[in-house]
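J.: Can you read through this structure? Questions will come right after.
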Amino acid sequence: MPEKPKLALYWAASCGGCEIAVVNLHEKIVDLDAAFDLMFCPCLVDTKKKDIEAMPDKSIAITLFNGGIRSDENAEMARLLRKKSRVLIAYGSCSYEGCIPGLANLSGKDDILKTSFLDSPTTHNPGRIVPSAESVVPEGTLNLPALLEKLLPLKDVVEVDYFIPGCPPESARIWDVVELVVSGKPLPLPGSVIGAGTSAVCDECKRAKADKKIKKFYRTWEIIPDAEHCLLDQGIICMGIATRSGCGALCPKVNMPCTGCYGTPEGVLDQGAKMVAALGSIIDVDAMKGLPEEGISARIAEIMDAIPDPAGTFYKYSLPHSLLKGRVS
Amino acid sequence: MKKRISIDPITRLEGHGKIEIFLNEEGDVANTYFQVPELRGFEQFCKGRLAEDMPVITNRICGVCPEAHHLASVKALDALFDANPPGAAKKIRELLYSAFYVTDHTTHFYALGGPDFIVGPDAPPSERNILGVIRKVGLDIGKAVIECRSRNHHVIEMLGGRSIHPAAGLPGGWSKSVSEEERKEIAEIAKKNVDFALFTLKAFGDIVLKNPAYLELVTSDIYLHRTYSMGTVDDKNRVNFYDGMIRVVDPEGIEFVKYPSKDYAKHIAERVEPWTYLKFPYLKKIGWKGFVDGIDSGVYSATPLSRLNVSDSMATPLAQEEFERMYQTFGSKKINNRFQPIHHRLATHWARLIELLYAAERMVELANDPEITSPDVRRIPERIKGIGIGSVEAPRGTLTHHYESDERGVLTKVNLIVGTTNNYAPMTMSIKKVAERLITKGNVVEEGMLNRIEMAFRLYDPCLSCATHSLPGTMPLTVTIKDSTGAVVRELKRQ
């Protein structure tokens with residue numbers, strides 16, 4: 001019997017949701033097992049490095065790499081798995097574009113350590129100890145991976161063949177990718193986003209859309225939107241217009257706005273810039289016509305008051321992947 | 001010669017975990033270190049964010065238990081926005097949470113913790129996994145486990161919008177109400193869950209409790225630690241996952257303190273060690289006395305067993321019967337109308353199944369509550385108070401979120417004590433105790449050592465051990481024994 005192709009799943013700085021998304025294939029997990037030699041653990045595992053180092057180069061058919069690159073250890077594993085894998089896929093938003101842990105790029109590594117270990121209200125740390133890459137204990141020396149200054153998406157460390165967006169990717173979309181690979185059909189061009197659509201979440205959303213003329217934006221807790229109409233039309237910042245399709249517009253189905261976890265639509269470079277441009281074009285300027293200049297400034301300030309955290313609103317999942325990549329110091 | 005043993009299991013405890021065992025000149029264990037080598041910095045980067053974004057942001061702390069973070073977060077927001085949700089919203093939250101508990105505890109029992117018992121602690125590693133469980137308990141069980149996870153994730157998606165990382169939590173309520181059609185479907189699923197929990201407890205009883213060798217292992221002292229216990233109780237001092245007061249009892253079972261979660265910082269402090277990115281919480285009024293148990297040490301546990309230890313009873317009838325059976329099996333006497341705590345850590349597996357049954361029964365109650373279909377699920381906040389603290393019982397321990405904001409609701413301070421973290425010191429102690437038993441005078445008891453250490457881990461169900469390990473079922477582990485020059489003397493490995 002020919003050997004089944006090896007499939008590896010590795011996590012770096014992530015939450016585990018990407019693994020649960022695979023487990024949530026539910027009964028299809030048996031089919032996945034039939035098609036691949038699942039290397040979930042072995043690759044990560046023991047010796048993490050040694051066993052994988054001992055494998056011939058390119059001997060893993062596909063590695064799904066989830067999680068961002070937060071430490072030197074994450075980076076080292078990314079380089080090793082690149083070498084051993086024929087196809088390396090940045091799987092899930094963290095690996096693709098940094099995701100929510102990427103918001104840490106609004107500050108630096110030292111701020112993370114200071115907040116966690118020195119400034120927390122419950123931490124009792126009279127010696128002002130901060131964990132370090134090397135520490136001497138009575139019995140010897142202990143090592144920890146060093147945090148990098150910023151969190152990096154996988155593509156900033158190694159060459160990536162494909163990207164699967166989503167936080168986490170929807171299980172049905174993961175299955176699409178598995179079926180494509182198993183079918184033996186040609187894969188898309190390297191560098192492509194797979195396991196998602198190419199248009200925007202709005203195209204999958206069943207809410208009725210009108211000509212957008214927005215007088216005021218609302219925070220989600222400020223209003224109860226109606227269940228039929230576009231949330232953005234109702235003044236709630238919904239990222240659907242600047243977010244790739246693929247999830248089926250799940251959040252709007254429960255009356256909550258899209259927060260952007262599938263990243264940019266095809267051909268869009270920067271999710272936040274796309275969203276800001278879109279908002280600029282839907283604000284009701286007619287309502288400002290004839291106002292004196294101070295009046296217009298006041299109206300704009302009022303509109304912007306509803307968006308006190310532009311970075312966290314427009315780049316919640318994509319900051320390390322964006323044009324600015326984080327705080328510019 | 002001094003030796004050093006490294007265990008690099010890469011199991012998930014908010015990242016990976018690593019164990020270093022140092023031996024002294026005599027070849028006995030000098031000390032063990034359990035390191036957590038990962039930090040993503042949520043408490044830092046959540047500053048500057050909109051408070052109402054936190055249920056979605058903190059989901060991403062853990063993809064295994066995002067429901068716990070989502071709910072601790074919305075409860076912190078209820079407080080920060082001073083908005084008491086309508087009854088239906090609270091019930092929908094708890095209904096979603098009950099479905100989540102059913103899937104989470106099921107996964108742990110069948111795929112992670114259970115194999116050690118059902119297949120047996122000394123069975124070959126290739127058998128000691130979910131497939132071995134299926135062979136032992138019956139082929140239909142694999143299917144039943146998958147169906148159980150599937151139907152409950154369906155409920156989570158129905159109520160929360162998404163099956164992983166739910167989206168429906170808001171200060172003052174929930175974004176979605178439940179239709180009568182949905183209610184009926186959920187009620188059916190809940191009934192199936194009760195049957196499944198009863199079946200699981202029966203299997204545990206037949207296979208583990210009726211086997212003298214397993215029963216002896218469960219009641220032996222290798223995994224025994226007499227620490228304080230923590231858990232959330234309702235107004236009748238019964239286990240509650242979603243809401244109530246946090247109760248701590250001492251190792252004898254005397255109530256040490258009972259407090260609302262907003263007072264958590266008066267009772268909990270955290271210690272920093274330079275060799276790990278995770279902090280060690282302890283009872284502040286007792287203080288940190290090192291990695292030791294007993295009434296004079298501030299170390300406490302917050303596990304399924306701890307939750308039962310602090311409770312007078314269970315709130316549902318079938319779970320109550322099983323609760324009594326467990327404490328009686330351990331010969332626990334009642335003081336102040338409450339069973340004395342059980343400190344045998346392996347009993348945590350049994351406690352987890354009692355909680356599984358409770359979650360299923362509670363789900364039936366909530367799905368049949370007339371208020372659950374009320375369209376009134378939101379209260380619009382009228383002010384921003386600026387501070388909010390909320391907690392729930394995550395499957396792996398009491399989970400606390402603490403937020404402070406400016407007058408616009410932009411966060412200025414965030415502090416999080418997550419489930420598994422509570423148990424960091426007890427886990428470290430359990431690992432050390434097992435190592436001390438199995439390594440003497442330089443002799444390493446190879447057979448069983450890896451699994452005995454695994455078992456010390458697994459009973460705590462450290463966060464994120466679940467997903468990736470649930471398919472192969474075993475936690476891959478390597479122990480490297482090096483001499484003092486760093487040369488590898490021996491390597492024990494299991495796959």
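We name chains A, B, ... following the order of the structure tokens; residues begin at 1 in each chain, and ligands are numbered from 1 as shown.
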Contacts from chain B to chain A, 7 Å maximum, only C-alpha atoms: show me the residue list as a ChimeraX atom specification.
T.: /B:8-10,22,37,40-41,43-45,48-50,57,60-64,146,150,161-162,164,167-168,170-171,175-176,265,268-277,380,415,464,467-469,476-478
J.: Once DSSP has gone over the backbone, tell me which residues of stretch 48-252 of chain A are in strand (DSSP E or B), as a VMD selection string.
T.: chain A and resid 60 to 66 68 to 71 85 to 91 123 to 124 134 to 137 140 to 143 147 to 152 162 to 164 192 to 193 200 208 214 218 229 236 244
J.: Restricted to N, CA and C atoms, what would the selected residues look like written as a CSV table (one decimal), in the first residue's frame?
T.:
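As written to disk, again.csv reads:
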```csv
chain,number,residue,atom,x,y,z
A,60,ILE,N,7.4,16.2,4.3
A,60,ILE,CA,6.0,16.5,4.7
A,60,ILE,C,5.2,17.1,3.5
A,61,ALA,N,4.1,16.4,3.2
A,61,ALA,CA,3.4,16.9,2.0
A,61,ALA,C,2.9,18.4,2.2
A,62,ILE,N,2.1,18.5,3.3
A,62,ILE,CA,1.5,19.8,3.6
A,62,ILE,C,1.7,20.1,5.1
A,63,THR,N,2.2,21.3,5.4
A,63,THR,CA,2.1,21.8,6.8
A,63,THR,C,1.2,22.9,6.9
A,64,LEU,N,0.2,22.8,7.8
A,64,LEU,CA,-0.7,23.9,8.2
A,64,LEU,C,-0.1,24.6,9.4
A,65,PHE,N,0.4,25.8,9.2
A,65,PHE,CA,1.1,26.4,10.3
A,65,PHE,C,0.2,27.5,10.8
A,66,ASN,N,-0.2,27.4,12.1
A,66,ASN,CA,-1.0,28.4,12.7
A,66,ASN,C,-0.3,29.1,13.8
A,68,GLY,N,1.1,33.2,15.1
A,68,GLY,CA,2.0,34.2,14.7
A,68,GLY,C,3.4,33.9,15.2
A,69,ILE,N,4.4,34.7,14.8
A,69,ILE,CA,5.8,34.5,15.2
A,69,ILE,C,6.0,35.5,16.3
A,70,ARG,N,6.0,35.0,17.6
A,70,ARG,CA,6.1,35.9,18.7
A,70,ARG,C,7.5,35.8,19.4
A,71,SER,N,8.1,34.5,19.2
A,71,SER,CA,9.4,34.3,19.9
A,71,SER,C,10.4,33.8,19.0
A,85,SER,N,8.8,20.8,4.4
A,85,SER,CA,7.5,20.7,3.8
A,85,SER,C,7.5,21.0,2.3
A,86,ARG,N,6.8,20.3,1.5
A,86,ARG,CA,6.6,20.6,0.1
A,86,ARG,C,5.7,21.8,0.0
A,87,VAL,N,4.6,21.8,0.8
A,87,VAL,CA,3.7,22.9,0.7
A,87,VAL,C,3.5,23.5,2.2
A,88,LEU,N,3.8,24.7,2.3
A,88,LEU,CA,3.6,25.4,3.6
A,88,LEU,C,2.5,26.4,3.6
A,89,ILE,N,1.5,26.1,4.4
A,89,ILE,CA,0.3,27.0,4.4
A,89,ILE,C,0.2,27.8,5.7
A,90,ALA,N,0.1,29.1,5.5
A,90,ALA,CA,-0.2,30.0,6.7
A,90,ALA,C,-1.7,29.8,7.0
A,91,TYR,N,-2.0,29.0,8.0
A,91,TYR,CA,-3.3,28.6,8.3
A,91,TYR,C,-4.0,29.4,9.4
A,123,THR,N,-0.4,41.2,40.9
A,123,THR,CA,1.0,40.7,41.0
A,123,THR,C,1.7,41.3,42.2
A,124,HIS,N,2.3,40.4,43.0
A,124,HIS,CA,3.1,40.8,44.2
A,124,HIS,C,4.6,40.5,43.8
A,134,GLU,N,17.4,33.6,30.0
A,134,GLU,CA,18.2,32.7,30.8
A,134,GLU,C,18.1,33.1,32.2
A,135,SER,N,17.8,32.1,33.1
A,135,SER,CA,17.9,32.5,34.5
A,135,SER,C,18.6,31.4,35.3
A,136,VAL,N,19.3,31.8,36.3
A,136,VAL,CA,20.1,30.9,37.1
A,136,VAL,C,19.3,30.5,38.4
A,137,VAL,N,19.0,29.2,38.6
A,137,VAL,CA,18.4,28.7,39.8
A,137,VAL,C,19.4,27.9,40.5
A,140,GLY,N,20.9,24.9,38.6
A,140,GLY,CA,21.4,25.1,37.2
A,140,GLY,C,20.9,26.3,36.5
A,141,THR,N,20.8,26.2,35.2
A,141,THR,CA,20.4,27.3,34.4
A,141,THR,C,19.1,26.9,33.6
A,142,LEU,N,18.1,27.8,33.6
A,142,LEU,CA,16.9,27.5,32.8
A,142,LEU,C,16.8,28.5,31.7
A,143,ASN,N,16.3,28.0,30.6
A,143,ASN,CA,16.1,28.9,29.4
A,143,ASN,C,14.6,29.1,29.0
A,147,LEU,N,11.2,36.7,23.6
A,147,LEU,CA,10.1,37.4,22.8
A,147,LEU,C,10.8,38.3,21.7
A,148,LEU,N,10.2,38.3,20.5
A,148,LEU,CA,10.7,39.2,19.5
A,148,LEU,C,10.1,40.6,19.8
A,149,GLU,N,10.6,41.6,19.3
A,149,GLU,CA,10.1,43.0,19.6
A,149,GLU,C,8.7,43.1,19.1
A,150,LYS,N,8.4,42.6,17.9
A,150,LYS,CA,7.1,42.6,17.3
A,150,LYS,C,6.6,41.2,16.9
A,151,LEU,N,5.3,41.0,16.8
A,151,LEU,CA,4.8,39.8,16.3
A,151,LEU,C,4.8,39.8,14.8
A,152,LEU,N,5.3,38.8,14.2
A,152,LEU,CA,5.4,38.7,12.7
A,152,LEU,C,4.4,37.7,12.1
A,162,TYR,N,0.6,29.2,0.5
A,162,TYR,CA,-0.8,29.6,0.5
A,162,TYR,C,-1.2,30.1,1.8
A,163,PHE,N,-2.3,30.9,1.8
A,163,PHE,CA,-2.8,31.5,3.0
A,163,PHE,C,-4.3,31.1,3.2
A,164,ILE,N,-4.6,30.6,4.4
A,164,ILE,CA,-6.0,30.3,4.7
A,164,ILE,C,-6.5,31.3,5.7
A,192,SER,N,-1.4,32.4,-3.3
A,192,SER,CA,-2.8,32.7,-3.3
A,192,SER,C,-3.4,32.5,-1.9
A,193,VAL,N,-4.5,33.2,-1.7
A,193,VAL,CA,-5.4,32.9,-0.5
A,193,VAL,C,-6.3,31.8,-1.0
A,200,ALA,N,-16.4,40.4,-0.9
A,200,ALA,CA,-16.5,40.9,0.5
A,200,ALA,C,-17.6,40.1,1.3
A,208,ALA,N,-30.7,43.6,4.1
A,208,ALA,CA,-31.1,44.5,2.9
A,208,ALA,C,-30.2,45.7,3.0
A,214,ILE,N,-24.8,58.1,6.0
A,214,ILE,CA,-24.8,57.9,7.4
A,214,ILE,C,-24.5,59.2,8.1
A,218,TYR,N,-22.7,54.6,15.6
A,218,TYR,CA,-23.0,54.1,17.0
A,218,TYR,C,-22.1,53.0,17.4
A,229,HIS,N,-32.0,45.0,8.2
A,229,HIS,CA,-31.3,45.9,7.3
A,229,HIS,C,-29.8,45.9,7.7
A,236,ILE,N,-23.7,51.3,12.5
A,236,ILE,CA,-22.8,50.4,13.3
A,236,ILE,C,-21.6,50.1,12.4
A,244,ARG,N,-12.8,39.8,3.5
A,244,ARG,CA,-13.0,38.8,2.5
A,244,ARG,C,-14.2,37.9,2.8
```
J.: List every residue of stretch 75-287 of chain A that DSSP, applied to the backbone of this structure, places in alpha helix (DSSP H), and write the result as a ChimeraX atom specification.
T.: /A:75-84,93-97,109-117,171-183,250-253,271-282
J.: Restricting the calculation to only C-alpha atoms: of A:Ile300, A:Ala273, A:Cys230, A:Val157, which residue gets closest to A:Ala242?
T.: A:Ala273
J.: Excluding A:Asp176 and any residue of its chain fewer than 2 positions from it, enumerate the residues within 12 Å of it, using only C-alpha atoms, and give them as a list in words.
T.: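 So, after excluding close chain neighbours, the residues are Leu25, Lys28, Leu32, Ile164, Pro169, Glu170, Ser171, Ala172, Arg173, Ile174, Val178, Glu179, Leu180, Val181, Val182, Ser183, Ile194, Gly195, Ala196, Gly197 and Gly246 of chain A.
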J.: Create the file for the chosen residues now, containing C-alpha atoms and written as a compact mmCIF listing (two decimals), in the first residue's frame.
T.:
```
# COMPACT_ATOMS: atom_id res chain seq x y z
CA LEU A 25 -14.87 18.69 10.91
CA LYS A 28 -15.33 14.14 8.26
CA LEU A 32 -9.24 13.24 6.65
CA ILE A 164 -6.05 30.29 4.65
CA PRO A 169 -11.09 29.32 9.44
CA GLU A 170 -14.59 27.88 9.14
CA SER A 171 -14.49 24.09 9.18
CA ALA A 172 -16.43 23.86 5.90
CA ARG A 173 -13.77 25.99 4.19
CA ILE A 174 -11.02 23.77 5.58
CA VAL A 178 -8.81 19.14 1.78
CA GLU A 179 -11.08 18.11 -1.09
CA LEU A 180 -9.09 20.21 -3.53
CA VAL A 181 -5.81 18.64 -2.45
CA VAL A 182 -7.20 15.11 -2.47
CA SER A 183 -8.80 15.57 -5.92
CA ILE A 194 -7.32 29.62 -0.47
CA GLY A 195 -10.25 28.30 1.56
CA ALA A 196 -12.20 31.55 1.19
CA GLY A 197 -14.05 33.64 -1.36
CA GLY A 246 -15.87 32.87 3.19
```
J.: Which polymer residues have any atom within 12 Å of an atom of B:Val434, counting only C-alpha atoms, with same-chain residues fewer than 3 positions away left out, as JSON, numbers by chain?
T.: {"B": [21, 29, 31, 32, 221, 222, 223, 224, 225, 427, 428, 429, 430, 431, 437, 438, 439, 440, 444, 445, 448, 449, 450, 451, 452, 453, 454, 455, 456, 457]}
J.: What does the structure give for the distance between atom CA of B:Val418 and atom CA of B:Ile389, in Å to one decimal?
T.: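 Going from atom CA of B:Val418 over to atom CA of B:Ile389 covers 13.2 Å.
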J.: At a cut-off of 12 Å, using only C-alpha atoms, what residues contact stretch 189-196 of chain B? Leave out same-chain residues fewer than 4 positions from it and give the result as JSON, numbers by chain.
T.: {"B": [95, 96, 98, 99, 100, 101, 102, 103, 105, 106, 141, 143, 144, 145, 146, 147, 148, 149, 150, 151, 152, 153, 154, 155, 156, 182, 183, 184, 185, 200, 201, 202, 203, 316, 317, 318, 319, 353, 354, 355, 356, 357, 358, 359, 360, 361, 362, 363, 364, 365, 366, 367, 368]}
J.: Deliver the residues from the most recent selection as a file, using C-alpha atoms, as a short mmCIF file (atom, residue, chain, number, x, y, z; two decimals), in the first residue's frame.
T.:
```
data_model
loop_
_atom_site.label_atom_id
_atom_site.label_comp_id
_atom_site.auth_asym_id
_atom_site.auth_seq_id
_atom_site.Cartn_x
_atom_site.Cartn_y
_atom_site.Cartn_z
CA LEU B 95 -27.58 27.78 28.18
CA LEU B 96 -24.75 28.31 25.72
CA SER B 98 -23.93 24.46 29.54
CA ALA B 99 -23.68 23.18 25.96
CA PHE B 100 -20.03 24.20 25.96
CA TYR B 101 -19.36 22.33 29.22
CA VAL B 102 -20.90 19.19 27.77
CA THR B 103 -18.62 19.22 24.73
CA HIS B 105 -15.79 17.67 29.45
CA THR B 106 -16.72 14.98 26.90
CA ILE B 141 -18.87 5.23 21.27
CA LYS B 143 -19.57 7.94 16.83
CA ALA B 144 -21.44 9.03 19.95
CA VAL B 145 -18.54 11.26 21.06
CA ILE B 146 -18.33 12.92 17.64
CA GLU B 147 -22.12 13.40 17.62
CA CYS B 148 -22.06 14.88 21.10
CA ARG B 149 -19.38 17.41 20.16
CA SER B 150 -21.17 18.17 16.91
CA ARG B 151 -24.66 18.78 18.32
CA ASN B 152 -23.38 20.98 21.13
CA HIS B 153 -21.19 23.07 18.84
CA HIS B 154 -24.32 23.51 16.76
CA VAL B 155 -26.06 24.95 19.85
CA ILE B 156 -23.09 27.24 20.50
CA GLU B 182 -34.65 26.80 18.25
CA ARG B 183 -35.74 26.18 21.82
CA LYS B 184 -37.36 22.87 20.87
CA GLU B 185 -34.27 21.74 19.02
CA THR B 200 -20.42 7.87 30.47
CA LEU B 201 -20.70 7.69 34.25
CA LYS B 202 -21.85 4.09 34.02
CA ALA B 203 -18.85 3.24 31.86
CA THR B 316 -29.69 18.92 39.81
CA PRO B 317 -30.99 15.56 41.06
CA LEU B 318 -29.01 13.01 39.04
CA ALA B 319 -25.73 14.87 39.53
CA LEU B 353 -18.12 13.55 34.79
CA ILE B 354 -20.41 14.66 37.62
CA GLU B 355 -20.13 18.17 36.20
CA LEU B 356 -20.87 16.80 32.73
CA LEU B 357 -24.13 15.37 34.06
CA TYR B 358 -24.95 18.59 35.90
CA ALA B 359 -24.31 20.66 32.74
CA ALA B 360 -26.62 18.38 30.74
CA GLU B 361 -29.38 18.50 33.37
CA ARG B 362 -29.04 22.28 33.69
CA MET B 363 -29.30 22.56 29.91
CA VAL B 364 -32.62 20.69 30.03
CA GLU B 365 -33.90 23.06 32.72
CA LEU B 366 -32.89 26.18 30.81
CA ALA B 367 -34.19 24.91 27.46
CA ASN B 368 -37.58 24.32 29.10
#
```
J.: Enter the distance from atom CA of B:Asp406 to atom CA of B:Lys75, in Å, rounded to one decimal.
T.: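 Separation between atom CA of B:Asp406 and atom CA of B:Lys75: 18.2 Å.
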J.: Do you have the atom CA of B:Pro166-atom CA of B:Pro55 distance handy?
T.: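 Between atom CA of B:Pro166 and atom CA of B:Pro55 the gap works out to 8.4 Å.
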J.: B:Leu71: which residues within 9 Å, counting only C-alpha atoms, same-chain residues fewer than 3 positions away excluded, as number ranges by chain?
T.: B: 55, 66-68, 74-76, 93-94, 97, 169, 242, 390-392
J.: Please write the residues from the selection above to a file, keeping N, CA and C atoms, as a compact mmCIF listing (two decimals), in the first residue's frame.
T.:
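Everything below was put into again-v4.txt:
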```txt
# COMPACT_ATOMS: atom_id res chain seq x y z
N PRO B 55 -15.21 40.97 24.62
CA PRO B 55 -15.67 39.58 24.49
C PRO B 55 -15.13 38.92 23.22
N PRO B 66 -13.14 29.50 24.39
CA PRO B 66 -13.49 30.91 24.15
C PRO B 66 -14.81 31.28 24.82
N GLU B 67 -15.71 30.30 24.98
CA GLU B 67 -17.01 30.59 25.60
C GLU B 67 -16.81 31.11 27.03
N ALA B 68 -15.83 30.57 27.73
CA ALA B 68 -15.56 31.01 29.10
C ALA B 68 -15.07 32.46 29.10
N VAL B 74 -18.27 39.49 29.16
CA VAL B 74 -19.55 40.23 29.15
C VAL B 74 -20.00 40.54 30.58
N LYS B 75 -19.65 39.66 31.51
CA LYS B 75 -20.02 39.96 32.90
C LYS B 75 -19.21 41.15 33.44
N ALA B 76 -17.93 41.22 33.04
CA ALA B 76 -17.14 42.39 33.43
C ALA B 76 -17.72 43.65 32.79
N ARG B 93 -27.12 33.04 27.99
CA ARG B 93 -25.68 32.90 28.24
C ARG B 93 -25.38 31.57 28.94
N GLU B 94 -26.17 31.28 29.97
CA GLU B 94 -25.90 30.05 30.74
C GLU B 94 -26.22 28.80 29.92
N TYR B 97 -23.41 28.20 27.72
CA TYR B 97 -22.28 27.74 28.54
C TYR B 97 -22.44 26.28 28.94
N GLY B 169 -22.11 38.46 22.73
CA GLY B 169 -22.10 39.09 24.05
C GLY B 169 -21.97 40.61 23.99
N TYR B 242 -21.84 29.62 35.83
CA TYR B 242 -22.00 30.96 35.24
C TYR B 242 -21.95 32.09 36.27
N GLY B 390 -15.54 40.64 36.23
CA GLY B 390 -16.50 39.55 36.05
C GLY B 390 -15.77 38.22 36.09
N SER B 391 -16.50 37.20 36.53
CA SER B 391 -15.86 35.88 36.54
C SER B 391 -16.88 34.80 36.21
N VAL B 392 -16.38 33.70 35.69
CA VAL B 392 -17.17 32.47 35.52
C VAL B 392 -16.26 31.32 35.96
```
